[in-house]
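What follows is a short report on a single structure.
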Amino acid sequence: MLKTIPHSEQIFYVGADDKTLDLFESQYPVPDGVSYNAYVIRDEKTALLDTVDPRATNQWLEQVTEVLDGTAPDYLVISHMEPDHAGSIRAITERYPDMTLVGSAKALGMLPQFLGDMPGNPTRTVKEGETLELGSHTLHFVMAPMVHWPEVMVCYESGEKVLFSADAFGKFGALDTDQPWTDEARRYYLNIVGKYGAPVQTLLKKAAKLDICAICPLHGPVLTGDLAPYLEKYQTWSSYAPEEKGVLVAYASIHGNTAQAAALLAERLKALGETVVLLDLSRCDMAEAVAQAFRFDRTVLAAASYDGGVFLPMEEFLLHLQYKAFQKRTIALVENGSWAPCAAKKMHTLLDTMKDLTVLEQTVTIRSAVKPGDESALLALADAVHQA
Ligand SMILES: Cc1cc2nc3c(=O)[nH]c(=O)nc-3n(C[C@H](O)[C@H](O)[C@H](O)COP(=O)(O)O)c2cc1C
Ligand SMILES: [Fe+2]
Ligand SMILES: [Fe+2]
């Protein structure tokens, strides 16, 4: 069935929901699936905007065939070469050898890397500010390097005022999932694009000059209506500012004593009126832990000592934060050790590699199990976190 984007008669949605994928990018659980979005603009000239993951090639081709209704497309605009969007280029170039491939110099340069050779199709390299006339629709190309690969460009269609935003403004979750945008957009953005705050800021500045009625990302729903809340979230996330006041309490506990300490501290913070998320790093989705750390202004890290260092789920978490340029937050530490506690020292060393973190001096050290003296130290630490 033909499907257009909201308020449009000529921009078609031809993407696919994937609800059987176990891990997106072999890393992120997607319990509600994920969508690979692709679009078609039908005008005097017809443009396909991106393709889909190889897992959805057939479904996409069926929809494209229906939209084209026996005609051949003039252009395939390639915004990003990552296989979840470029993975069906071979299938479409074989069908339409005269269709022109449109992309940045870097994107077209990457094409033979993925395909082994260059398709015989004509190509058109576009630069910042160049346009492609389709009839009543005009595509304006805007380069967006490192959002989230170097070859990325977005395009603004001025006739209907639509921004095709590539991976920006995307979200995990299939399109038929009824859920608010923010949580899964946050987990998606901070883990996938998070490291590239500065390039996202550059793109937001360019977008601010455009009159945009709809944003068509490559994952998740088309955004319409009041776009300010989405733009504000991206402004916050890309500038690494905390989104809200609150505390993530993340723990890595071998036998459960450190978990008990973390829970006690979390309860106290809640009693003080704080918004608190308590996560077991041995069992939770690491991407969710990263997202929650970025969401709040404060994080408590509680971990058992382990082989002269820190229990590995905590080390892994801190490495994830380091990779995603975690910064501008306040941190408190709780360590546990049975003979030579060393978790806090190791956590400190990892935190020292990150920018603009305030680590509270008041660290709690527990010896094996939580005893009354530890309880009062944990409550005092909760009070210090509350006041920080
Ligand atoms: C494989 C292993 C290595 C450990 N290495 C250390 C260590 O280097 N230093 C230390 O003080 N305790 C070490 N411990 C003890 C843990 O820190 C101990 O489990 C902790 O004191 C109790 O907290 P938990 O109940 O949250 O695990 C180790 C435990 C295990 C199982
Ligand atoms: Fe991507
Ligand atoms: Fe993507």
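How things are named: the first chain in the structure tokens is A, the next is B, and so on; residues count from 1 in each chain; ligands count from 1 in the order shown.
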
Selection within 8 Å of ligand 3 by only C-alpha atoms and all ligand atoms, output as a short mmCIF file (atom, residue, chain, number, x, y, z; two decimals) with N, CA and C atoms, in the first residue's frame:
data_model
loop_
_atom_site.label_atom_id
_atom_site.label_comp_id
_atom_site.auth_asym_id
_atom_site.auth_seq_id
_atom_site.Cartn_x
_atom_site.Cartn_y
_atom_site.Cartn_z
N TYR A 36 14.35 0.94 9.20
CA TYR A 36 15.30 1.48 8.22
C TYR A 36 14.44 2.33 7.29
N GLU A 82 26.67 3.78 5.48
CA GLU A 82 26.59 2.67 6.42
C GLU A 82 25.57 1.65 5.89
N ASP A 84 23.21 -0.11 6.95
CA ASP A 84 21.78 -0.11 7.28
C ASP A 84 21.00 0.83 6.36
N HIS A 85 21.72 1.64 5.56
CA HIS A 85 21.03 2.52 4.60
C HIS A 85 21.51 2.32 3.17
N ALA A 166 19.31 12.21 7.60
CA ALA A 166 20.21 11.06 7.73
C ALA A 166 20.02 10.40 9.11
N ASP A 167 21.12 10.03 9.80
CA ASP A 167 20.95 9.34 11.08
C ASP A 167 20.51 10.28 12.21
N GLY A 170 17.13 10.25 14.68
CA GLY A 170 16.61 8.88 14.62
C GLY A 170 16.31 8.34 16.01
N LEU A 218 16.53 8.61 9.21
CA LEU A 218 16.72 7.28 8.63
C LEU A 218 16.27 6.15 9.57
N HIS A 219 15.91 6.51 10.81
CA HIS A 219 15.33 5.53 11.74
C HIS A 219 14.23 6.25 12.52
#

- [ ] Would you kindly return, as a PyMOL selection string, each protein, DNA or RNA residue with an atom no farther than 12 Å from any atom of Ala47 (chain A), considering only C-alpha atoms and excluding same-chain residues fewer than 6 positions away?
- [x] chain A and resi 10-12+38-41+64+67-68+71-78+99-102+132-135+137-139+157

Just the selected residues (C-alpha atoms), exported as a PDB file, in the first residue's frame, please.
ATOM      1  CA  GLN A  10       4.496  13.381  -3.383  1.00  0.00           C
ATOM      2  CA  ILE A  11       6.953  12.238  -0.723  1.00  0.00           C
ATOM      3  CA  PHE A  12       6.542   8.524  -0.112  1.00  0.00           C
ATOM      4  CA  ALA A  38      13.873   5.368   2.926  1.00  0.00           C
ATOM      5  CA  TYR A  39      11.858   7.836   0.885  1.00  0.00           C
ATOM      6  CA  VAL A  40      10.857   8.582  -2.695  1.00  0.00           C
ATOM      7  CA  ILE A  41       9.968  12.004  -4.132  1.00  0.00           C
ATOM      8  CA  VAL A  64       9.650   1.276  -4.516  1.00  0.00           C
ATOM      9  CA  VAL A  67       5.538   3.975  -5.994  1.00  0.00           C
ATOM     10  CA  LEU A  68       7.363   4.073  -9.348  1.00  0.00           C
ATOM     11  CA  THR A  71       8.528   4.353 -14.422  1.00  0.00           C
ATOM     12  CA  ALA A  72      12.277   4.443 -13.783  1.00  0.00           C
ATOM     13  CA  PRO A  73      13.798   6.651 -11.075  1.00  0.00           C
ATOM     14  CA  ASP A  74      16.096   9.482 -12.175  1.00  0.00           C
ATOM     15  CA  TYR A  75      18.204   9.716  -9.016  1.00  0.00           C
ATOM     16  CA  LEU A  76      19.291   7.793  -5.960  1.00  0.00           C
ATOM     17  CA  VAL A  77      20.476  10.232  -3.296  1.00  0.00           C
ATOM     18  CA  ILE A  78      22.941   8.534  -0.950  1.00  0.00           C
ATOM     19  CA  MET A  99      19.610   6.100 -12.585  1.00  0.00           C
ATOM     20  CA  THR A 100      22.124   8.750 -11.427  1.00  0.00           C
ATOM     21  CA  LEU A 101      23.798   8.152  -8.070  1.00  0.00           C
ATOM     22  CA  VAL A 102      24.000  11.409  -6.103  1.00  0.00           C
ATOM     23  CA  LEU A 132      18.935  19.199  -7.486  1.00  0.00           C
ATOM     24  CA  GLU A 133      15.742  20.309  -9.234  1.00  0.00           C
ATOM     25  CA  LEU A 134      13.009  17.706  -9.397  1.00  0.00           C
ATOM     26  CA  GLY A 135      10.115  19.977 -10.514  1.00  0.00           C
ATOM     27  CA  HIS A 137      10.638  19.994  -5.337  1.00  0.00           C
ATOM     28  CA  THR A 138      14.254  21.114  -4.962  1.00  0.00           C
ATOM     29  CA  LEU A 139      16.846  19.287  -2.889  1.00  0.00           C
ATOM     30  CA  GLU A 157      13.624  19.914   0.251  1.00  0.00           C
TER      31      GLU A 157
END

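A straight line drawn from CA of Ser253 (chain A) to CA of Ala291 (chain A) is 20.7 Å long.
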
- [ ] Give me the residues within 10 Å of region 198-211 of chain A as a PyMOL selection string, counting only C-alpha atoms and dropping any in the same chain fewer than 2 places off.
- [x] chain A and resi 142-148+153-154+156+158+160-163+165+168+193-196+213-214+231-232+234-240

Could you find all residues in region 208-320 of chain A that DSSP calls alpha helix (DSSP H) from the backbone, and write them as a PDB file with C-alpha atoms, in the first residue's frame?
ATOM      1  CA  ALA A 208      18.487  26.859  12.339  1.00  0.00           C
ATOM      2  CA  ALA A 228      11.368  22.763  18.871  1.00  0.00           C
ATOM      3  CA  PRO A 229      11.394  20.015  21.551  1.00  0.00           C
ATOM      4  CA  TYR A 230      13.386  17.672  19.281  1.00  0.00           C
ATOM      5  CA  LEU A 231      15.839  20.416  18.315  1.00  0.00           C
ATOM      6  CA  GLU A 232      16.241  21.364  21.980  1.00  0.00           C
ATOM      7  CA  LYS A 233      17.092  17.770  22.949  1.00  0.00           C
ATOM      8  CA  TYR A 234      19.715  17.638  20.206  1.00  0.00           C
ATOM      9  CA  GLN A 235      21.113  20.977  21.360  1.00  0.00           C
ATOM     10  CA  THR A 236      21.415  19.614  24.927  1.00  0.00           C
ATOM     11  CA  TRP A 237      22.833  16.231  23.976  1.00  0.00           C
ATOM     12  CA  SER A 238      25.372  17.555  21.464  1.00  0.00           C
ATOM     13  CA  ASN A 257      27.218  -6.554  48.932  1.00  0.00           C
ATOM     14  CA  THR A 258      28.110  -3.600  46.728  1.00  0.00           C
ATOM     15  CA  ALA A 259      24.632  -3.910  45.185  1.00  0.00           C
ATOM     16  CA  GLN A 260      23.167  -3.581  48.677  1.00  0.00           C
ATOM     17  CA  ALA A 261      25.236  -0.462  49.323  1.00  0.00           C
ATOM     18  CA  ALA A 262      24.121   1.062  46.016  1.00  0.00           C
ATOM     19  CA  ALA A 263      20.461   0.343  46.793  1.00  0.00           C
ATOM     20  CA  LEU A 264      20.760   1.962  50.226  1.00  0.00           C
ATOM     21  CA  LEU A 265      22.306   5.062  48.718  1.00  0.00           C
ATOM     22  CA  ALA A 266      19.652   5.204  45.984  1.00  0.00           C
ATOM     23  CA  GLU A 267      16.854   4.962  48.565  1.00  0.00           C
ATOM     24  CA  ARG A 268      18.309   7.837  50.535  1.00  0.00           C
ATOM     25  CA  LEU A 269      18.587   9.989  47.417  1.00  0.00           C
ATOM     26  CA  LYS A 270      14.953   9.232  46.570  1.00  0.00           C
ATOM     27  CA  ALA A 271      13.933  10.160  50.097  1.00  0.00           C
ATOM     28  CA  MET A 286      25.245  -0.949  28.692  1.00  0.00           C
ATOM     29  CA  ALA A 287      23.789   1.502  26.155  1.00  0.00           C
ATOM     30  CA  GLU A 288      20.960   2.302  28.559  1.00  0.00           C
ATOM     31  CA  ALA A 289      23.491   2.940  31.344  1.00  0.00           C
ATOM     32  CA  VAL A 290      25.405   5.321  29.045  1.00  0.00           C
ATOM     33  CA  ALA A 291      22.171   7.117  28.125  1.00  0.00           C
ATOM     34  CA  GLN A 292      21.156   7.538  31.786  1.00  0.00           C
ATOM     35  CA  ALA A 293      24.604   8.853  32.736  1.00  0.00           C
ATOM     36  CA  PHE A 294      24.259  11.542  30.057  1.00  0.00           C
ATOM     37  CA  ARG A 295      20.672  12.262  31.061  1.00  0.00           C
ATOM     38  CA  LEU A 312      34.990  -5.529  34.835  1.00  0.00           C
ATOM     39  CA  PRO A 313      31.381  -4.447  34.173  1.00  0.00           C
ATOM     40  CA  MET A 314      32.330  -1.107  35.802  1.00  0.00           C
ATOM     41  CA  GLU A 315      35.545  -0.846  33.803  1.00  0.00           C
ATOM     42  CA  GLU A 316      33.566  -1.561  30.646  1.00  0.00           C
ATOM     43  CA  PHE A 317      30.985   1.084  31.552  1.00  0.00           C
ATOM     44  CA  LEU A 318      33.680   3.708  32.111  1.00  0.00           C
ATOM     45  CA  LEU A 319      35.304   2.813  28.793  1.00  0.00           C
ATOM     46  CA  HIS A 320      31.946   3.302  27.075  1.00  0.00           C
TER      47      HIS A 320
END

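The residues of region 56-140 of chain A that DSSP classifies as strand (DSSP E or B), using the backbone of this structure, are Tyr75, Leu76, Val77, Thr100, Leu101, Val102, Gly103, Thr123, Arg124, Thr125, Thr131, Leu132, Glu133, Thr138, Leu139 and His140 of chain A.
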
Dump N, CA, C and O atoms for the selected residues as a short mmCIF file (atom, residue, chain, number, x, y, z; two decimals), in the first residue's frame?
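The result, stored in result28.cif:
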data_model
loop_
_atom_site.label_atom_id
_atom_site.label_comp_id
_atom_site.auth_asym_id
_atom_site.auth_seq_id
_atom_site.Cartn_x
_atom_site.Cartn_y
_atom_site.Cartn_z
N TYR A 75 17.08 9.56 -9.95
CA TYR A 75 18.20 9.72 -9.02
C TYR A 75 18.08 8.78 -7.82
O TYR A 75 16.97 8.49 -7.37
N LEU A 76 19.23 8.37 -7.30
CA LEU A 76 19.29 7.79 -5.96
C LEU A 76 20.22 8.70 -5.15
O LEU A 76 21.41 8.82 -5.47
N VAL A 77 19.66 9.36 -4.15
CA VAL A 77 20.48 10.23 -3.30
C VAL A 77 20.99 9.39 -2.14
O VAL A 77 20.21 8.78 -1.40
N THR A 100 20.90 8.05 -11.86
CA THR A 100 22.12 8.75 -11.43
C THR A 100 22.30 8.63 -9.92
O THR A 100 21.35 8.89 -9.15
N LEU A 101 23.49 8.25 -9.50
CA LEU A 101 23.80 8.15 -8.07
C LEU A 101 24.33 9.50 -7.60
O LEU A 101 25.29 10.02 -8.15
N VAL A 102 23.66 10.07 -6.59
CA VAL A 102 24.00 11.41 -6.10
C VAL A 102 24.54 11.30 -4.68
O VAL A 102 23.89 10.68 -3.82
N GLY A 103 25.71 11.86 -4.44
CA GLY A 103 26.25 11.81 -3.08
C GLY A 103 27.45 12.73 -2.95
O GLY A 103 27.90 13.33 -3.94
N THR A 123 27.05 9.10 -12.18
CA THR A 123 27.13 9.63 -10.81
C THR A 123 27.15 11.15 -10.85
O THR A 123 27.51 11.74 -11.86
N ARG A 124 26.74 11.73 -9.76
CA ARG A 124 26.83 13.19 -9.63
C ARG A 124 27.31 13.52 -8.22
O ARG A 124 26.63 13.20 -7.23
N THR A 125 28.49 14.09 -8.15
CA THR A 125 29.05 14.48 -6.85
C THR A 125 28.50 15.85 -6.48
O THR A 125 28.56 16.78 -7.29
N THR A 131 22.19 22.21 -5.47
CA THR A 131 20.78 21.81 -5.49
C THR A 131 20.51 20.82 -6.61
O THR A 131 21.29 20.69 -7.55
N LEU A 132 19.40 20.13 -6.46
CA LEU A 132 18.94 19.20 -7.49
C LEU A 132 17.46 19.51 -7.71
O LEU A 132 16.63 19.37 -6.80
N GLU A 133 17.13 19.94 -8.91
CA GLU A 133 15.74 20.31 -9.23
C GLU A 133 14.97 19.07 -9.66
O GLU A 133 15.39 18.35 -10.57
N THR A 138 12.82 20.86 -4.76
CA THR A 138 14.25 21.11 -4.96
C THR A 138 15.02 20.61 -3.75
O THR A 138 14.69 20.97 -2.61
N LEU A 139 16.01 19.77 -3.99
CA LEU A 139 16.85 19.29 -2.89
C LEU A 139 18.07 20.19 -2.74
O LEU A 139 18.76 20.47 -3.72
N HIS A 140 18.30 20.66 -1.53
CA HIS A 140 19.48 21.47 -1.21
C HIS A 140 20.40 20.60 -0.35
O HIS A 140 19.97 20.12 0.71
#

Task: Shell of 8 Å around ligand 1 (only C-alpha atoms and all ligand atoms), written as a PyMOL selection string - done: chain A and resi 252-260+303-311+336-343+366-369

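With only C-alpha atoms as the atoms that count, the minimum distance from Lys106 (chain A) to the choices A:Phe164, A:Tyr323, A:Trp149, A:Phe141 is reached by A:Trp149.
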
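Distance check against ligand 2 using only C-alpha atoms and all ligand atoms: of A:Asp18, A:Glu62, A:Glu151, A:Glu9, the minimum falls on A:Glu151.
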
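Our summary of the geometry notes that CA of Lys324 (chain A) is positioned 9.4 Å from CA of Gly197 (chain A).
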
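Pairwise distance (CA of Gly373 (chain A), CA of Val334 (chain A)) equals 13.9 Å.
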
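Of the listed residues (A:Asp176, A:Asp50, A:Asp43, A:Glu94), A:Asp50 comes nearest to ligand 2; the distances count only C-alpha atoms and all ligand atoms.
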
If you count only C-alpha atoms, which residues fall within 7 Å of region 51-56 of chain A, apart from same-chain ones fewer than 3 positions away, as a compact mmCIF listing (two decimals) with N, CA and C atoms, in the first residue's frame?
# COMPACT_ATOMS: atom_id res chain seq x y z
N GLY A 15 10.31 2.68 3.67
CA GLY A 15 11.22 1.97 4.58
C GLY A 15 10.61 0.69 5.13
N ALA A 16 11.32 0.09 6.07
CA ALA A 16 10.89 -1.20 6.61
C ALA A 16 11.16 -1.29 8.11
N TYR A 36 14.35 0.94 9.20
CA TYR A 36 15.30 1.48 8.22
C TYR A 36 14.44 2.33 7.29
N ASN A 37 14.55 3.65 7.40
CA ASN A 37 13.68 4.52 6.61
C ASN A 37 14.30 4.85 5.26
N ALA A 38 13.46 4.90 4.25
CA ALA A 38 13.87 5.37 2.93
C ALA A 38 12.66 6.08 2.33
N GLN A 59 11.47 -6.12 0.81
CA GLN A 59 10.31 -5.32 1.21
C GLN A 59 10.41 -3.90 0.64
N TRP A 60 11.61 -3.37 0.68
CA TRP A 60 11.84 -2.01 0.15
C TRP A 60 11.61 -1.98 -1.36
N PRO A 83 25.88 0.35 6.05
CA PRO A 83 25.05 -0.66 5.38
C PRO A 83 23.57 -0.68 5.79
N ASP A 84 23.21 -0.11 6.95
CA ASP A 84 21.78 -0.11 7.28
C ASP A 84 21.00 0.83 6.36
N HIS A 85 21.72 1.64 5.56
CA HIS A 85 21.03 2.52 4.60
C HIS A 85 21.51 2.32 3.17
N ALA A 86 22.76 1.90 3.01
CA ALA A 86 23.32 1.75 1.67
C ALA A 86 23.35 0.29 1.24
N GLY A 87 22.84 -0.58 2.12
CA GLY A 87 22.97 -2.03 1.90
C GLY A 87 22.15 -2.59 0.76
N SER A 88 21.31 -1.78 0.13
CA SER A 88 20.52 -2.30 -0.99
C SER A 88 20.83 -1.54 -2.28
N ILE A 89 21.95 -0.84 -2.32
CA ILE A 89 22.30 -0.07 -3.52
C ILE A 89 22.54 -1.01 -4.71

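Minimum atom-to-atom distances from A:His80, A:Arg95, A:Lys371, A:Arg187 to ligand 2 were compared using only C-alpha atoms and all ligand atoms, and the lowest value belongs to A:His80.
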